[in-house]
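Q: Sharing run.txt below, compact mmCIF, C-alpha atoms:
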# COMPACT_ATOMS: atom_id res chain seq x y z
CA MET J 46 -14.30 -13.50 11.69
CA GLU J 47 -17.11 -10.99 12.07
CA THR J 48 -17.47 -11.95 15.72
CA VAL J 49 -13.80 -11.28 16.41
CA ALA J 50 -14.00 -7.98 14.56
CA GLU J 51 -16.98 -6.93 16.63
CA GLN J 52 -15.31 -7.92 19.89
CA LEU J 53 -11.88 -6.54 19.09
CA SER J 54 -11.53 -2.97 20.24
CA PHE J 55 -8.58 -0.73 20.89
CA SER J 56 -10.58 1.74 22.92
CA ALA J 57 -9.22 0.51 26.28
CA ILE J 58 -5.68 1.42 25.24
CA ALA J 59 -4.64 4.81 26.61
CA ALA J 60 -3.03 7.13 24.09
CA GLU J 61 0.09 7.62 26.22
CA ASP J 62 0.54 3.83 26.55
CA LEU J 63 0.29 3.43 22.79
CA ASP J 64 2.85 6.22 22.37
CA THR J 65 5.21 4.38 24.74
CA PHE J 66 4.67 1.15 22.78
CA TYR J 67 5.65 2.97 19.59
CA ARG J 68 8.63 4.68 21.20
CA GLN J 69 9.86 1.32 22.46
CA LYS J 70 9.06 -0.55 19.26
CA GLU J 71 12.68 -1.26 18.25
CA LYS J 72 13.38 -2.95 21.59
CA ILE J 73 10.05 -4.78 21.47
CA LEU J 74 10.72 -5.89 17.93
CA THR J 75 14.24 -7.11 18.69
CA ALA J 76 12.97 -9.16 21.64
CA THR J 77 10.12 -10.57 19.54
CA ILE J 78 12.47 -11.67 16.74
CA GLU J 79 14.85 -13.18 19.28
CA LYS J 80 12.01 -15.19 20.78
CA ILE J 81 10.96 -16.43 17.33
CA SER J 82 14.59 -17.32 16.54
CA ASN J 83 14.73 -19.50 19.65
CA CYS J 84 11.54 -21.45 18.88
CA THR J 85 12.60 -24.94 17.87
CA GLN J 86 9.42 -25.34 15.80
CA PHE J 87 10.80 -22.64 13.49
CA ASP J 88 14.30 -24.13 13.08
CA ASP J 89 13.82 -24.52 9.33
CA ILE J 90 12.84 -20.84 9.01
CA VAL J 91 15.73 -19.63 11.18
CA SER J 92 18.23 -21.63 9.10
CA ASP J 93 16.85 -20.22 5.84
CA GLY J 94 18.20 -16.68 5.33
CA GLU J 95 15.42 -15.53 3.01
CA ARG J 96 12.56 -16.88 5.12
CA MET J 97 14.11 -15.43 8.29
CA ARG J 98 14.32 -12.05 6.51
CA LEU J 99 10.62 -12.39 5.69
CA ALA J 100 9.85 -13.32 9.30
CA ARG J 101 11.61 -10.16 10.52
CA GLU J 102 9.95 -7.95 7.93
CA CYS J 103 6.46 -9.35 8.57
CA THR J 104 6.88 -8.91 12.33
CA SER J 105 8.03 -5.34 11.83
CA ILE J 106 5.14 -4.48 9.47
CA PHE J 107 2.63 -6.17 11.78
CA THR J 108 3.92 -4.07 14.69
CA GLU J 109 3.59 -0.87 12.61
CA ASN J 110 0.11 -1.84 11.48
CA PHE J 111 -0.94 -2.78 14.99
CA HIS J 112 0.10 0.68 16.17
CA ALA J 113 -1.62 2.47 13.26
CA THR J 114 -4.89 0.57 13.61
CA ALA J 115 -4.88 0.91 17.40
CA LYS J 116 -4.29 4.66 17.15
CA TYR J 117 -7.34 5.13 14.92
CA ASN J 118 -9.37 2.21 16.37
CA LEU J 119 -9.58 0.19 13.15
CA PRO J 120 -9.77 -3.45 14.28
CA GLN J 121 -11.29 -4.67 11.02
CA ALA J 122 -8.41 -3.21 9.03
CA LEU J 123 -5.92 -5.12 11.19
CA LEU J 124 -7.88 -8.35 10.75
CA GLU J 125 -7.92 -7.83 6.99
CA TYR J 126 -4.17 -7.35 7.08
CA LEU J 127 -3.82 -10.60 9.06
CA ASP J 128 -5.87 -12.39 6.38
CA TRP J 129 -3.45 -11.11 3.76
CA LEU J 130 -0.37 -11.99 5.86
CA ARG J 131 -1.64 -15.53 6.56
CA ASN J 132 -2.11 -16.13 2.85
CA PHE J 133 1.28 -14.59 1.97
CA LEU J 134 3.16 -16.73 4.51
CA ARG J 135 1.24 -19.90 3.65
CA HIS J 136 2.54 -19.62 0.08
CA ARG J 137 6.07 -19.43 1.48
CA ASN J 138 5.76 -22.58 3.55
CA PHE J 139 5.53 -20.89 6.91
CA PRO J 140 3.76 -23.11 9.44
CA ALA J 141 0.22 -22.03 10.40
CA THR J 142 1.50 -21.52 13.97
CA PHE J 143 3.88 -18.75 12.93
CA ILE J 144 1.48 -15.79 13.27
CA PRO J 145 -0.01 -16.73 16.68
CA THR J 146 3.50 -17.45 17.98
CA MET J 147 4.75 -14.12 16.66
CA ILE J 148 1.85 -12.27 18.32
CA CYS J 149 2.50 -14.16 21.57
CA ALA J 150 6.18 -13.15 21.46
CA LEU J 151 5.18 -9.55 20.74
CA ARG J 152 2.83 -9.59 23.73
CA HIS J 153 5.59 -10.80 26.09
CA ALA J 154 8.05 -8.25 24.72
CA THR J 155 5.46 -5.50 25.17
CA HIS J 156 5.15 -6.36 28.86
CA ALA J 157 8.94 -6.35 29.18
CA PHE J 158 9.69 -3.01 27.53
CA MET J 159 6.82 -0.68 28.37
CA GLU J 160 8.87 0.94 31.14
CA ASN J 161 6.54 2.87 33.46
CA ALA J 162 3.55 2.72 31.10
CA ASN J 163 0.66 0.28 31.43
CA SER J 164 1.04 -2.66 29.05
CA ASP J 165 -2.10 -4.53 30.12
CA ALA J 166 -4.59 -3.08 27.63
CA ILE J 167 -2.23 -3.57 24.67
CA ALA J 168 -1.39 -7.10 25.84
CA SER J 169 -5.08 -7.88 26.20
CA VAL J 170 -5.77 -6.97 22.55
CA LEU J 171 -2.71 -8.95 21.45
CA MET J 172 -4.01 -11.92 23.43
CA GLN J 173 -7.34 -11.68 21.59
CA LEU J 174 -5.52 -11.60 18.26
CA GLN J 175 -3.29 -14.49 19.31
CA ARG J 176 -6.34 -16.63 20.19
CA HIS J 177 -8.04 -15.68 16.95
CA GLU J 178 -4.97 -16.70 14.94
CA ARG J 179 -4.42 -19.83 17.03
CA THR J 180 -7.98 -20.99 16.27
CA ILE J 181 -7.42 -20.46 12.55
CA ALA J 182 -4.07 -22.29 12.73
CA GLU J 183 -5.71 -25.25 14.48
CA GLU J 184 -8.40 -25.39 11.80
CA VAL J 185 -5.70 -25.43 9.11
CA THR J 186 -3.73 -28.23 10.75
CA ALA J 187 -6.83 -30.30 11.71
CA MET T 290 -8.13 -9.05 -29.63
CA ASN T 291 -10.62 -8.25 -26.88
CA ARG T 292 -9.46 -6.58 -23.64
CA GLU T 293 -8.87 -9.85 -21.83
CA GLU T 294 -6.77 -11.16 -24.71
CA GLN T 295 -4.84 -7.89 -24.80
CA ARG T 296 -4.14 -8.14 -21.05
CA GLU T 297 -3.07 -11.77 -21.28
CA ALA T 298 -0.80 -11.08 -24.24
CA LEU T 299 0.87 -8.20 -22.39
CA ILE T 300 1.24 -10.17 -19.15
CA GLU T 301 2.97 -12.98 -21.04
CA LEU T 302 5.49 -10.57 -22.58
CA LEU T 303 5.98 -8.73 -19.27
CA MET T 304 6.72 -12.06 -17.59
CA ARG T 305 9.31 -12.79 -20.26
CA GLY T 306 10.79 -9.37 -19.50
CA ASP T 307 10.79 -8.57 -23.19
CA ARG T 308 10.67 -4.79 -23.29
CA ARG T 309 10.80 -4.41 -27.07
CA GLU T 310 8.01 -6.90 -27.61
CA CYS T 311 5.90 -5.12 -25.00
CA PHE T 312 6.45 -1.82 -26.80
CA ALA T 313 5.61 -3.45 -30.15
CA LEU T 314 2.35 -4.77 -28.72
CA VAL T 315 1.32 -1.46 -27.16
CA THR T 316 2.18 0.53 -30.27
CA SER T 317 0.20 -1.93 -32.40
CA TRP T 318 -2.87 -1.04 -30.32
CA GLU T 319 -2.41 2.65 -31.10
CA ALA T 320 -3.74 1.95 -34.58
CA THR T 321 -7.02 0.94 -32.96
CA SER T 322 -9.21 3.38 -31.05
CA LEU T 323 -7.74 2.40 -27.66
CA SER T 324 -7.61 5.53 -25.51
CA GLU T 325 -4.85 6.23 -23.02
CA GLU T 326 -7.38 5.91 -20.19
CA GLU T 327 -8.49 2.50 -21.48
CA LEU T 328 -4.89 1.36 -21.88
CA TYR T 329 -4.12 2.29 -18.27
CA ASP T 330 -7.34 1.26 -16.50
CA GLU T 331 -8.20 -1.82 -18.51
CA ILE T 332 -4.82 -3.28 -19.49
CA LEU T 333 -1.75 -1.94 -17.68
CA ILE T 334 -3.15 -1.70 -14.13
CA PRO T 335 -4.92 -5.10 -14.27
CA ALA T 336 -1.70 -6.60 -15.69
CA LEU T 337 0.27 -5.21 -12.74
CA VAL T 338 -2.36 -6.41 -10.27
CA SER T 339 -2.27 -9.89 -11.79
CA ILE T 340 1.54 -10.01 -11.60
CA GLY T 341 1.41 -8.69 -8.04
CA ASN T 342 -1.07 -11.40 -7.09
CA ASP T 343 1.26 -14.01 -8.57
CA TRP T 344 4.10 -12.63 -6.45
CA GLU T 345 1.94 -12.73 -3.31
CA ALA T 346 1.07 -16.36 -4.06
CA ASN T 347 4.79 -17.08 -4.61
CA ARG T 348 4.20 -18.02 -8.25
CA GLN T 349 6.49 -15.23 -9.42
CA ASN T 350 9.88 -14.06 -8.28
CA VAL T 351 9.93 -10.48 -6.99
CA VAL T 352 12.54 -9.67 -9.68
CA ASN T 353 10.01 -10.57 -12.40
CA GLU T 354 7.53 -8.24 -10.77
CA HIS T 355 10.04 -5.39 -10.67
CA ILE T 356 11.05 -5.96 -14.31
CA ALA T 357 7.38 -5.83 -15.35
CA THR T 358 6.88 -2.60 -13.38
CA GLN T 359 9.93 -0.99 -15.00
CA ILE T 360 8.74 -1.97 -18.49
CA ILE T 361 5.36 -0.40 -17.77
CA LYS T 362 7.10 2.78 -16.58
CA HIS T 363 9.03 2.84 -19.87
CA ILE T 364 5.76 2.46 -21.78
CA LEU T 365 4.38 5.39 -19.78
CA SER T 366 7.43 7.50 -20.67
CA TYR T 367 6.83 6.66 -24.31
CA LYS T 368 3.18 7.67 -24.00
CA ALA T 369 4.19 10.90 -22.24
CA VAL T 370 6.39 12.08 -25.08
CA THR T 371 4.19 10.90 -27.95
CA SER T 372 0.72 12.02 -26.85
CA THR T 373 -0.56 15.32 -28.22
CA LYS T 374 -0.66 17.96 -25.53
CA ARG T 375 -3.65 20.27 -25.37
CA PRO T 376 -3.21 24.01 -24.72
CA SER T 377 -2.55 24.98 -21.11
CA ASN T 378 -5.63 25.18 -18.90
CA GLY T 379 -3.72 27.25 -16.33
CA LYS T 380 -3.98 24.54 -13.67
CA SER T 381 -1.19 22.83 -11.81
CA ALA T 382 -0.92 19.48 -10.05
CA LEU T 383 1.60 17.85 -7.74
CA LEU T 384 1.45 14.05 -7.88
CA GLY T 385 3.21 11.17 -6.12
CA CYS T 386 3.06 8.93 -3.06
CA VAL T 387 2.54 9.63 0.63
CA PRO T 388 5.71 9.28 2.77
CA GLY T 389 6.52 5.58 3.18
CA GLU T 390 4.63 4.51 0.04
CA HIS T 391 6.44 3.14 -3.03
CA HIS T 392 3.62 2.19 -5.43
CA ASP T 393 4.04 5.13 -7.78
CA VAL T 394 2.81 3.82 -11.15
CA ALA T 395 -0.80 5.04 -10.91
CA ALA T 396 0.35 8.59 -10.05
CA LEU T 397 2.61 8.46 -13.13
CA MET T 398 -0.35 7.42 -15.30
CA LEU T 399 -2.41 10.31 -13.98
CA THR T 400 0.56 12.63 -14.64
CA ASN T 401 0.57 11.57 -18.30
CA ILE T 402 -3.12 12.26 -18.79
CA LEU T 403 -3.28 15.55 -16.89
CA GLU T 404 -0.25 16.83 -18.82
CA ARG T 405 -1.92 15.80 -22.05
CA ASP T 406 -5.04 17.67 -20.93
CA GLY T 407 -3.11 20.93 -20.45
CA TRP T 408 -2.20 20.78 -16.76
CA SER T 409 1.24 21.76 -15.53
CA VAL T 410 2.24 18.69 -13.51
CA ARG T 411 5.11 17.93 -11.17
CA TYR T 412 5.45 14.22 -10.48
CA PHE T 413 7.76 13.23 -7.60
CA GLY T 414 7.10 9.46 -7.61
CA ALA T 415 7.66 7.30 -4.53
CA SER T 416 8.04 8.25 -0.87
CA VAL T 417 9.72 11.56 0.01
CA PRO T 418 10.07 13.03 3.53
CA GLY T 419 6.87 14.74 4.64
CA LYS T 420 8.54 18.05 5.56
CA ASP T 421 10.19 18.28 2.13
CA LEU T 422 6.88 17.55 0.44
CA ILE T 423 5.18 20.28 2.46
CA ALA T 424 7.94 22.78 1.60
CA PHE T 425 7.67 21.96 -2.10
CA ALA T 426 3.87 22.16 -2.09
CA LEU T 427 4.00 25.52 -0.30
CA SER T 428 6.30 26.96 -2.94
CA MET T 429 4.35 25.44 -5.85
CA ARG T 430 0.82 26.04 -4.49
CA PRO T 431 -0.77 23.48 -6.84
CA ASP T 432 -4.48 23.44 -7.66
CA LEU T 433 -4.45 19.67 -7.16
CA LEU T 434 -2.36 17.47 -4.90
CA GLY T 435 -2.76 13.80 -5.85
CA LEU T 436 -1.33 11.19 -3.49
CA THR T 437 -1.21 7.41 -3.54
CA MET T 438 -1.44 5.40 -0.33
CA LYS T 439 -1.76 1.61 -0.29
CA SER T 440 -0.18 0.46 2.93
CA PHE T 441 -1.43 1.77 6.25
CA SER T 442 1.68 1.63 8.40
CA CYS T 443 2.20 5.27 7.36
CA LEU T 444 -1.33 6.28 8.39
CA GLN T 445 -0.38 8.59 11.25
CA SER T 446 2.34 10.46 9.36
CA THR T 447 0.00 10.78 6.36
CA ILE T 448 -2.81 12.27 8.45
CA GLU T 449 -0.38 14.74 10.04
CA LEU T 450 0.89 15.66 6.58
CA LEU T 451 -2.63 16.13 5.19
CA ASP T 452 -3.65 18.27 8.16
CA GLU T 453 -0.70 20.58 7.64
CA LEU T 454 -1.27 20.80 3.89
CA LYS T 455 -4.99 21.51 4.33
CA GLN T 456 -4.21 24.30 6.75
CA SER T 457 -1.39 25.83 4.70
CA LEU T 458 -2.98 25.40 1.28
CA PRO T 459 -6.76 25.71 1.77
CA SER T 460 -7.48 26.19 -1.94
CA THR T 461 -5.50 23.12 -3.05
CA ARG T 462 -7.77 20.14 -3.68
CA ILE T 463 -6.37 16.88 -2.28
CA MET T 464 -7.03 13.60 -4.08
CA MET T 465 -6.16 10.22 -2.57
CA GLY T 466 -5.78 7.07 -4.66
CA GLY T 467 -4.84 3.47 -3.96
CA LEU T 468 -6.72 3.18 -0.69
CA ASN T 469 -9.02 0.20 -1.11
CA THR T 470 -9.69 -0.55 2.56
CA LYS T 471 -12.98 1.11 3.50
CA HIS T 472 -12.08 1.39 7.20
CA LEU T 473 -8.99 3.43 6.38
CA ARG T 474 -11.00 5.58 4.01
CA GLU T 475 -13.31 6.52 6.84
CA VAL T 476 -10.34 7.82 8.83
CA ILE T 477 -8.74 9.63 5.88
CA ALA T 478 -12.00 11.01 4.44
CA THR T 479 -12.06 14.17 6.54
CA HIS T 480 -8.49 15.01 5.51
CA VAL T 481 -8.91 14.83 1.71
CA ASP T 482 -11.33 16.29 -0.84
CA PHE T 483 -11.93 13.08 -2.76
CA PHE T 484 -10.82 9.51 -3.32
CA THR T 485 -10.17 7.95 -6.68
CA ASP T 486 -10.32 4.28 -7.63
CA SER T 487 -9.22 4.51 -11.23
CA ILE T 488 -7.29 6.72 -13.61
CA ARG T 489 -10.54 7.66 -15.37
CA GLU T 490 -12.11 8.73 -12.07
CA GLY T 491 -9.04 10.78 -11.15
CA VAL T 492 -9.09 12.51 -14.53
CA GLN T 493 -12.82 13.21 -14.18
CA GLN T 494 -12.31 14.77 -10.75
CA ALA T 495 -9.47 16.89 -12.10
CA ARG T 496 -11.70 18.06 -14.93
CA GLU T 497 -14.34 19.08 -12.42
CA ILE T 498 -11.75 21.31 -10.71
CA VAL T 499 -11.10 23.01 -14.05
CA LEU T 500 -14.84 23.43 -14.69
CA ALA T 501 -15.57 24.70 -11.18
CA ASP T 502 -12.88 27.37 -11.47
CA ALA T 503 -13.74 28.38 -15.05
Could I get this file's structure written as structure tokens?

A:
Amino acid sequence: METVAEQLSFSAIAAEDLDTFYRQKEKILTATIEKISNCTQFDDIVSDGERMRLARECTSIFTENFHATAKYNLPQALLEYLDWLRNFLRHRNFPATFIPTMICALRHATHAFMENANSDAIASVLMQLQRHERTIAEEVTA
Amino acid sequence: MNREEQREALIELLMRGDRRECFALVTSWEATSLSEEELYDEILIPALVSIGNDWEANRQNVVNEHIATQIIKHILSYKAVTSTKRPSNGKSALLGCVPGEHHDVAALMLTNILERDGWSVRYFGASVPGKDLIAFALSMRPDLLGLTMKSFSCLQSTIELLDELKQSLPSTRIMMGGLNTKHLREVIATHVDFFTDSIREGVQQAREIVLADA
């Protein structure tokens, strides 16, 4: 965890790109939720109204927190939030793959809706987070 | 009963949602030397944290958690009207949550104690729009502005709010509570005068304002 925190940095993200990300967040969020809804591995979540509501809410809060921590370059705070979210979702029978899949969907949606801004730096950080969460998910399921 | 037994007894009644029994328990402690600060810091807040942890771990329904919070707010209203108020110290405070924040119980506890200590307090509770909060603060010009912030999705709007308040009200001291993530504190630190981690600490810092201006 410490290693990821040390490596993770938001400093490559240009302020205007982060502003565009935030301006486009509703579109990005909608596309991310749609992608999650179409994942067959989450069929039981999608068919459960309450858990799907949680999935939407967690994705929305993660997106807000990603923006806030990126703006003030607080990678450790975002990782602490992910620790909390992982624990919260585990107690609600979400599969360990939910968070990395959600971050992956968010990364694709970011590329799709950044208009003329550069999405590469944001996507690169999301990729790092996705790998970090994927590793943890694999350890859980091993 | 020691503190732990008091907490456990209250948590059990809060989980049953039995408001009258909770009141009976709290009033029974008034006969002992339990101070308001001890009641808040050592019993009520830990009880809420414990219930919140149970909700996070899916051991408690969110409705149970809300019922427990409402009962504690009723206990605080009872304490507000029954505690003996000291003469006015001429100081004023505006207390509540930053925009987007809804955890307003600690600010209500601080309201009770500062009022008891002779402060003139306006408590606005949970999230209000930032521009309305600024307008109110400008008209009130409080000596102390106490805000609670737990979640950090509202970080940017909070920093913008604090910047504007600091500029418009340079003599108002700004206290921030609820922020237990050290990385966020580092970002917020330059925008507030002090942080507080407990009701006792908040009260102590408020008292220092009174002493400094005496």

Q: Give me, as a list in words, all polymer residues having an atom no more than 10 Å from range 447-459 of chain T, counting only C-alpha atoms and skipping those fewer than 4 positions away in the same chain.

A: Val387, Pro388, Gly389, Gly419, Lys420, Leu422, Ile423, Ala424, Ala426, Leu427, Arg430, Pro431, Asp432, Leu434, Leu436, Met438, Phe441, Ser442, Cys443, Ile463, Val476, Ile477, Thr479, His480, Val481 and Asp482 of chain T

Q: Find the residues around Pro140 in chain J up to 9 Å (all atoms listed in the file counted), leave out those fewer than 3 positions away in its own chain, and share them as a VMD selection string.

A: chain J and resid 86 to 87 134 to 135 143 to 144 182

Q: Compile a residue-level contact table for chain J against chain T at a cut-off of 10 Å, reporting for every qualifying residue the shortest atom pair and its distance in Å to one decimal, with all atoms listed in the file counted, rows ordered by chain and ascending number, as a tab-separated table.

A:
residue	atom	partner	partner_atom	distance
J:Ile106	CA	T:Ser442	CA	7.1
J:Phe107	CA	T:Ser442	CA	8.6
J:Thr108	CA	T:Ser442	CA	8.8
J:Glu109	CA	T:Ser442	CA	5.3
J:Asn110	CA	T:Ser442	CA	4.9
J:Phe111	CA	T:Ser442	CA	8.4
J:His112	CA	T:Ser442	CA	8.0
J:Ala113	CA	T:Ser442	CA	5.9
J:Thr114	CA	T:Phe441	CA	8.2
J:Lys116	CA	T:Gln445	CA	8.1
J:Tyr117	CA	T:Val476	CA	7.3
J:Asn118	CA	T:Val476	CA	9.4
J:Leu119	CA	T:His472	CA	6.6
J:Pro120	CA	T:His472	CA	8.9
J:Gln121	CA	T:His472	CA	7.2
J:Ala122	CA	T:His472	CA	6.2
J:Leu123	CA	T:Phe441	CA	9.6
J:Glu125	CA	T:Thr470	CA	8.7
J:Tyr126	CA	T:Phe441	CA	9.6
J:Trp129	CA	T:Glu345	CA	9.0
J:Leu130	CA	T:Glu345	CA	9.5
J:Asn132	CA	T:Ala346	CA	7.6
J:Phe133	CA	T:Glu345	CA	5.6
J:Leu134	CA	T:Ala346	CA	8.8
J:Arg135	CA	T:Ala346	CA	8.5
J:His136	CA	T:Ala346	CA	5.5
J:Arg137	CA	T:Asn347	CA	6.7
J:Asn138	CA	T:Asn347	CA	9.9

Q: CA of Asp93 in chain J and CA of Ile73 in chain J, how far apart in Å?

A: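 Answer for the CA of Ile73 in chain J to CA of Asp93 in chain J separation: 23.0 Å.
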
Q: In Å, how far is it from CA of Phe55 in chain J to CA of Lys70 in chain J?

A: 17.7 Å

Q: Counting all atoms listed in the file, what are the residues of range 362-460 of chain T within 12 Å of range 317-320 of chain T, and for each of them which pair of atoms is the nearest and at what distance in Å, to one decimal? Sort the table by chain and rising number, as a Markdown table.

A:
| residue | atom | partner | partner_atom | distance |
| --- | --- | --- | --- | --- |
| T:Lys368 | CA | T:Glu319 | CA | 10.3 |
| T:Thr371 | CA | T:Glu319 | CA | 11.0 |
| T:Ser372 | CA | T:Glu319 | CA | 10.8 |

Q: For Arg176 in chain J, which of J:Met97, J:Thr75, J:Thr104, J:Leu53 is the closest residue, counting only C-alpha atoms?

A: J:Leu53

Q: Enter the distance from CA of Glu79 in chain J to CA of Glu184 in chain J, in Å, rounded to one decimal.

A: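 That distance, rounded to one decimal, is 27.3 Å.
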
Q: Can you tell me, as a PyMOL selection string, what residues are no more than 12 Å from Thr180 in chain J when counting only C-alpha atoms, ignoring any on the same chain fewer than 4 positions away?

A: chain J and resi 46+49+141-142+144-145+173-176+184-187

Q: Would you pick out the contacts of range 410-412 of chain T at 6 Å or less, using only C-alpha atoms, so that residues sharing its chain but fewer than 2 positions from it are not included, and give the list as a PyMOL selection string?

A: chain T and resi 381-385+408+414

Q: So that I can see what lies close to His156 in chain J, please list as an NGL selection string the residues with an atom at most 8 Å from it, counting all atoms listed in the file and leaving out residues fewer than 3 positions away in the same chain.

A: :J and (152-153 or 159 or 164-165 or 168)

Q: List every residue of range 333-422 of chain T that has an atom at most 8 Å from any atom of range 296-306 of chain T, and for each one report the closest atom pair and its distance in Å to one decimal, counting all atoms listed in the file, with rows sorted by chain and then by increasing residue number, as a tab-separated table.

A:
residue	atom	partner	partner_atom	distance
T:Leu333	CA	T:Arg296	CA	7.5
T:Pro335	CA	T:Arg296	CA	7.5
T:Ala336	CA	T:Ile300	CA	5.8
T:Ile340	CA	T:Ile300	CA	7.6
T:Asn353	CA	T:Met304	CA	6.3
T:Glu354	CA	T:Met304	CA	7.9
T:Ile356	CA	T:Gly306	CA	6.2
T:Ala357	CA	T:Leu303	CA	5.1
T:Ile360	CA	T:Leu303	CA	7.3
